[in-house]
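**Q** Handing you a structure now.
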Amino acid sequence: MSDADRARADAVYAELLKRQGERWVQPRVERTRRVLELLDDPQRTYRVIHITGTNGKTSTSRIIESLLRAHGLRTGLFTSPHLERFTERIMIDGEPAPDAAVADAWEEIAPFVDIVDAELASRDDAPLTFFEILTVLAFVVAADAPVDVLVLEVGMGGAWDSTNTADGDVAVFAPIDIDHADRLGDTIAEIATVKSGIIKDGAAVVSSRQPAEAERVLRAAAAAKGATIAFEGEGFALVDQRLAVGGQQISVRGLAGTYDEEYLPLYGAHQGRNAALAIAAVESLIGGGSRSIATDVLSEALGQVTSPGRLQLVGAAPTVLVDAAHNPHGARALVSALRESFDFDEWGVVLGILADKDAAGIVAELATVAAHVFATAPDSERANDADTIADLVEAAGIPVTVHRDVADAAEAAREWAAGSDQAPHRRAVVIAGSVVLAGEALALAAAEDWKAGWES
């Protein structure tokens, strides 16, 4: 990667940031479709596995991508948001898209973006947004690579999301819960209805266990589209999960095969279930759900899986974990994983939450495990004030201190945990509440080498 190419890619991101941001969402998928038509539909040049849900999308996407790559296929992966640099969102063969590829793709699409912006302006409609253009950029980068399969994570919802301009051969549903209620609906059924829009005619559908009302919606949508559908539990399942050094041993009953004692270097039972969902998705794409995955291929793929910012170990002596956990469902999974996968008596929680999230719900879940909360704010215009978070924590009866930023909060938390040699309890730290905060923490942990241990 040359400095010139990096500068070109950074300039692309600067252009995207001039647009309405990711939270500015309208049900207007046809705008993205118009740009793609002018580009001769690059998203139709490869097969697609399309993924939606409330939590677990990115981890499941990354496991699917690793499985596909282990089969010898050239892969693309589009996820959001990024943790540190925007090119993380567009992966080619398991690595962020080269800066030159991103910049070249931008030069290819920019004239057509201008055309569509002009068409929208003529109708007094808002110009293309950050995420609409980023989706087109990802499709073009993947086509130019070229990839065999694109693993495509929905930005928000499903039916009217920009990514729904692609036709998924396989539609994957991670657990559905309440989130983005202002845009997707305030009931599980309403949210599931929007998400079910990614099911295409004749597709294969695989889904995690869902609330009954979501399951009914997905079954009806699949039937209407002539799609097959398999749910966790009846069609496939995580049948065993045991702790292992650095992760877990899992046994999975897939759609086409049984896979025993496979190593997954991720923590938490929810990651085991994500792996089972990913296996079912790949079985559906390769062999139509009737051919099992070869043992050596599966072992290689699972052993190489990473999911940055999802229960990621970033510090030692004291132990520090980073987890995005940006809604109550994610916080609940985090709490379960901390209890199941780690042997500590007390957890210090560095907590920062964006203002458009259910802060009270997140705090209520984390309060069941937190011994002390270090309240702070992510570096975002959308951040909740640290004092607001502290008030919620205090109301839950948990000791709390307020910190100006993640660096200050993490230093205080690590010092608190490192002092546990003199305390009656073994302590560790988890940094959670926001993808933005997780990205800041990962950068800070690397810069300060938290794995070298605490130095007082």
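Chain identifiers are assigned as A, B, and so on, following the order in which chains appear in the structure tokens; residues are numbered from 1 within each chain, and ligands are numbered from 1 in order of appearance.
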Which of stretch 89-260 of chain A counts as helix (DSSP H, G or I) under DSSP, as a PyMOL selection string please?
**A** chain A and resi 89+99-122+130-144+162-165+181-184+188-198+212-224
**Q** As a list in words, please: the residues near A:Leu442 (cut-off 9 Å, only C-alpha atoms, same-chain neighbours under 5 positions excluded).
**A**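 The filter keeps Leu83, Glu84, Pro308, Gly309, Gln312, Val314, Val322, Leu437 and Ala447 of chain A.
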**Q** Please report the interatomic distance between atom CA of A:Ile115 and atom CA of A:Thr32 in Å with one decimal.
**A** 12.2 Å
**Q** Name all residues at most 8 Å from stretch 85-91 of chain A (count only C-alpha atoms; drop same-chain ones fewer than 4 positions away) and give them as a VMD selection string.
**A** chain A and resid 13 75 to 81 95 to 99 102 138 141
**Q** If we count only C-alpha atoms and set the cut-off at 10 Å, which residues sit around A:Ala11, ignoring sequence neighbours fewer than 5 positions away in its own chain? Please answer as a list in words.
**A** Asp5, Arg6, Leu16, Leu17, Ala103 and Trp106 of chain A
**Q** With a cut-off of 10 Å, could you pull out the residues of stretch 286-315 of chain A touching stretch 246-254 of chain A and give me the nearest pair of atoms for each, distance in Å to one decimal, using only C-alpha atoms, ordered by chain and ascending number, as a Markdown table?
**A**
| residue | atom | partner | partner_atom | distance |
| --- | --- | --- | --- | --- |
| A:Gly289 | CA | A:Gly254 | CA | 8.7 |
| A:Ser290 | CA | A:Gly254 | CA | 9.9 |
| A:Arg291 | CA | A:Gly254 | CA | 9.9 |
| A:Ser292 | CA | A:Gly254 | CA | 7.8 |
| A:Ile293 | CA | A:Gly254 | CA | 9.2 |
| A:Gly303 | CA | A:Gly247 | CA | 10.0 |
| A:Leu313 | CA | A:Gly246 | CA | 9.1 |
**Q** Filtering to all heavy atoms, could you give me those residues as a PDB file, in the first residue's frame?
**A**
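To be explicit, this is the file written out as selection-v3.pdb:
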ATOM      1  N   GLY A 289     -27.797 -27.286   0.329  1.00  0.00           N
ATOM      2  CA  GLY A 289     -28.213 -27.832   1.615  1.00  0.00           C
ATOM      3  C   GLY A 289     -28.183 -29.337   1.689  1.00  0.00           C
ATOM      4  O   GLY A 289     -28.656 -29.922   2.662  1.00  0.00           O
ATOM      5  N   SER A 290     -27.594 -29.996   0.689  1.00  0.00           N
ATOM      6  CA  SER A 290     -27.590 -31.468   0.665  1.00  0.00           C
ATOM      7  C   SER A 290     -26.180 -32.052   0.683  1.00  0.00           C
ATOM      8  O   SER A 290     -26.016 -33.273   0.660  1.00  0.00           O
ATOM      9  CB  SER A 290     -28.333 -31.973  -0.576  1.00  0.00           C
ATOM     10  OG  SER A 290     -27.689 -31.526  -1.763  1.00  0.00           O
ATOM     11  N   ARG A 291     -25.157 -31.182   0.732  1.00  0.00           N
ATOM     12  CA  ARG A 291     -23.780 -31.678   0.745  1.00  0.00           C
ATOM     13  C   ARG A 291     -23.046 -31.105   1.940  1.00  0.00           C
ATOM     14  O   ARG A 291     -23.022 -29.892   2.142  1.00  0.00           O
ATOM     15  CB  ARG A 291     -23.067 -31.278  -0.559  1.00  0.00           C
ATOM     16  CG  ARG A 291     -21.738 -32.006  -0.759  1.00  0.00           C
ATOM     17  CD  ARG A 291     -21.165 -31.766  -2.143  1.00  0.00           C
ATOM     18  NE  ARG A 291     -20.568 -30.454  -2.275  1.00  0.00           N
ATOM     19  CZ  ARG A 291     -20.661 -29.684  -3.348  1.00  0.00           C
ATOM     20  NH1 ARG A 291     -21.388 -30.084  -4.376  1.00  0.00           N
ATOM     21  NH2 ARG A 291     -20.058 -28.523  -3.414  1.00  0.00           N
ATOM     22  N   SER A 292     -22.458 -31.982   2.744  1.00  0.00           N
ATOM     23  CA  SER A 292     -21.780 -31.530   3.955  1.00  0.00           C
ATOM     24  C   SER A 292     -20.449 -30.852   3.610  1.00  0.00           C
ATOM     25  O   SER A 292     -19.892 -31.048   2.523  1.00  0.00           O
ATOM     26  CB  SER A 292     -21.537 -32.703   4.909  1.00  0.00           C
ATOM     27  OG  SER A 292     -20.705 -33.674   4.312  1.00  0.00           O
ATOM     28  N   ILE A 293     -19.962 -30.080   4.541  1.00  0.00           N
ATOM     29  CA  ILE A 293     -18.674 -29.397   4.385  1.00  0.00           C
ATOM     30  C   ILE A 293     -17.565 -30.351   4.818  1.00  0.00           C
ATOM     31  O   ILE A 293     -17.655 -30.987   5.876  1.00  0.00           O
ATOM     32  CB  ILE A 293     -18.641 -28.116   5.238  1.00  0.00           C
ATOM     33  CG1 ILE A 293     -19.757 -27.157   4.810  1.00  0.00           C
ATOM     34  CG2 ILE A 293     -17.285 -27.430   5.145  1.00  0.00           C
ATOM     35  CD1 ILE A 293     -19.944 -25.958   5.729  1.00  0.00           C
ATOM     36  N   GLY A 303     -11.013 -22.119  12.437  1.00  0.00           N
ATOM     37  CA  GLY A 303      -9.794 -21.792  13.184  1.00  0.00           C
ATOM     38  C   GLY A 303      -9.216 -20.435  12.850  1.00  0.00           C
ATOM     39  O   GLY A 303      -8.469 -19.857  13.654  1.00  0.00           O
ATOM     40  N   LEU A 313     -10.233  -9.949  23.205  1.00  0.00           N
ATOM     41  CA  LEU A 313      -9.259  -9.779  24.277  1.00  0.00           C
ATOM     42  C   LEU A 313      -8.178  -8.804  23.815  1.00  0.00           C
ATOM     43  O   LEU A 313      -7.474  -9.060  22.837  1.00  0.00           O
ATOM     44  CB  LEU A 313      -8.639 -11.125  24.627  1.00  0.00           C
ATOM     45  CG  LEU A 313      -7.604 -11.143  25.743  1.00  0.00           C
ATOM     46  CD1 LEU A 313      -8.232 -10.800  27.086  1.00  0.00           C
ATOM     47  CD2 LEU A 313      -6.924 -12.514  25.814  1.00  0.00           C
TER      48      LEU A 313
END
**Q** Report as a list in words all protein, DNA and RNA residues lying within 12 Å of A:Glu381, evaluated on only C-alpha atoms, omitting residues in the same chain fewer than 6 positions from it.
**A** Gly21, Arg23, Ile353, Leu354, Ala355, Asp356 and Val436 of chain A
**Q** Would you save the residues from that selection as a compact mmCIF listing (two decimals), in the first residue's frame, using N, CA and C atoms?
**A**
# COMPACT_ATOMS: atom_id res chain seq x y z
N GLY A 21 -25.47 11.31 6.71
CA GLY A 21 -24.83 10.20 7.38
C GLY A 21 -25.66 8.94 7.42
N ARG A 23 -27.25 7.48 9.73
CA ARG A 23 -28.51 7.50 10.46
C ARG A 23 -29.62 8.16 9.64
N ILE A 353 -22.34 5.11 25.31
CA ILE A 353 -23.49 4.72 24.49
C ILE A 353 -23.92 5.91 23.63
N LEU A 354 -24.31 5.64 22.40
CA LEU A 354 -24.83 6.69 21.53
C LEU A 354 -26.24 7.08 21.96
N ALA A 355 -26.61 8.33 21.68
CA ALA A 355 -27.87 8.88 22.19
C ALA A 355 -29.09 8.23 21.56
N ASP A 356 -28.96 7.62 20.37
CA ASP A 356 -30.12 7.02 19.72
C ASP A 356 -30.31 5.56 20.10
N VAL A 436 -18.53 2.63 18.05
CA VAL A 436 -17.56 3.74 18.01
C VAL A 436 -16.58 3.63 19.18
**Q** Please identify every residue of stretch 349-419 of chain A that has at least one atom no farther than 7 Å from an atom of stretch 316-320 of chain A, counting only C-alpha atoms, and for each give the shortest atom pair and the distance in Å to one decimal, arranged by chain then increasing number, as CSV.
**A**
residue,atom,partner,partner_atom,distance
A:Arg414,CA,A:Pro318,CA,6.4
A:Ala417,CA,A:Pro318,CA,6.0
A:Ala418,CA,A:Pro318,CA,5.4
**Q** Just how far from atom CA of A:Val48 is atom CA of A:Gly197, in Å to one decimal?
**A**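 Atom CA of A:Val48 lies 15.0 Å from atom CA of A:Gly197.
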**Q** Hey, which bits of stretch 207-294 of chain A sit within 8 Å of stretch 156-171 of chain A, and for each residue what's the closest pair of atoms and how far apart in Å (one decimal), counting only C-alpha atoms, rows by chain and increasing number, as CSV?
**A**
residue,atom,partner,partner_atom,distance
A:Ala281,CA,A:Val170,CA,6.7
A:Ser284,CA,A:Val170,CA,6.9
A:Leu285,CA,A:Val170,CA,6.5
**Q** Taking only C-alpha atoms into account, which of A:Glu455, A:Asp93, A:Asp260, A:Glu65 comes nearest A:Val305?
**A**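 That would be A:Glu65, the residue with the smallest distance to A:Val305.
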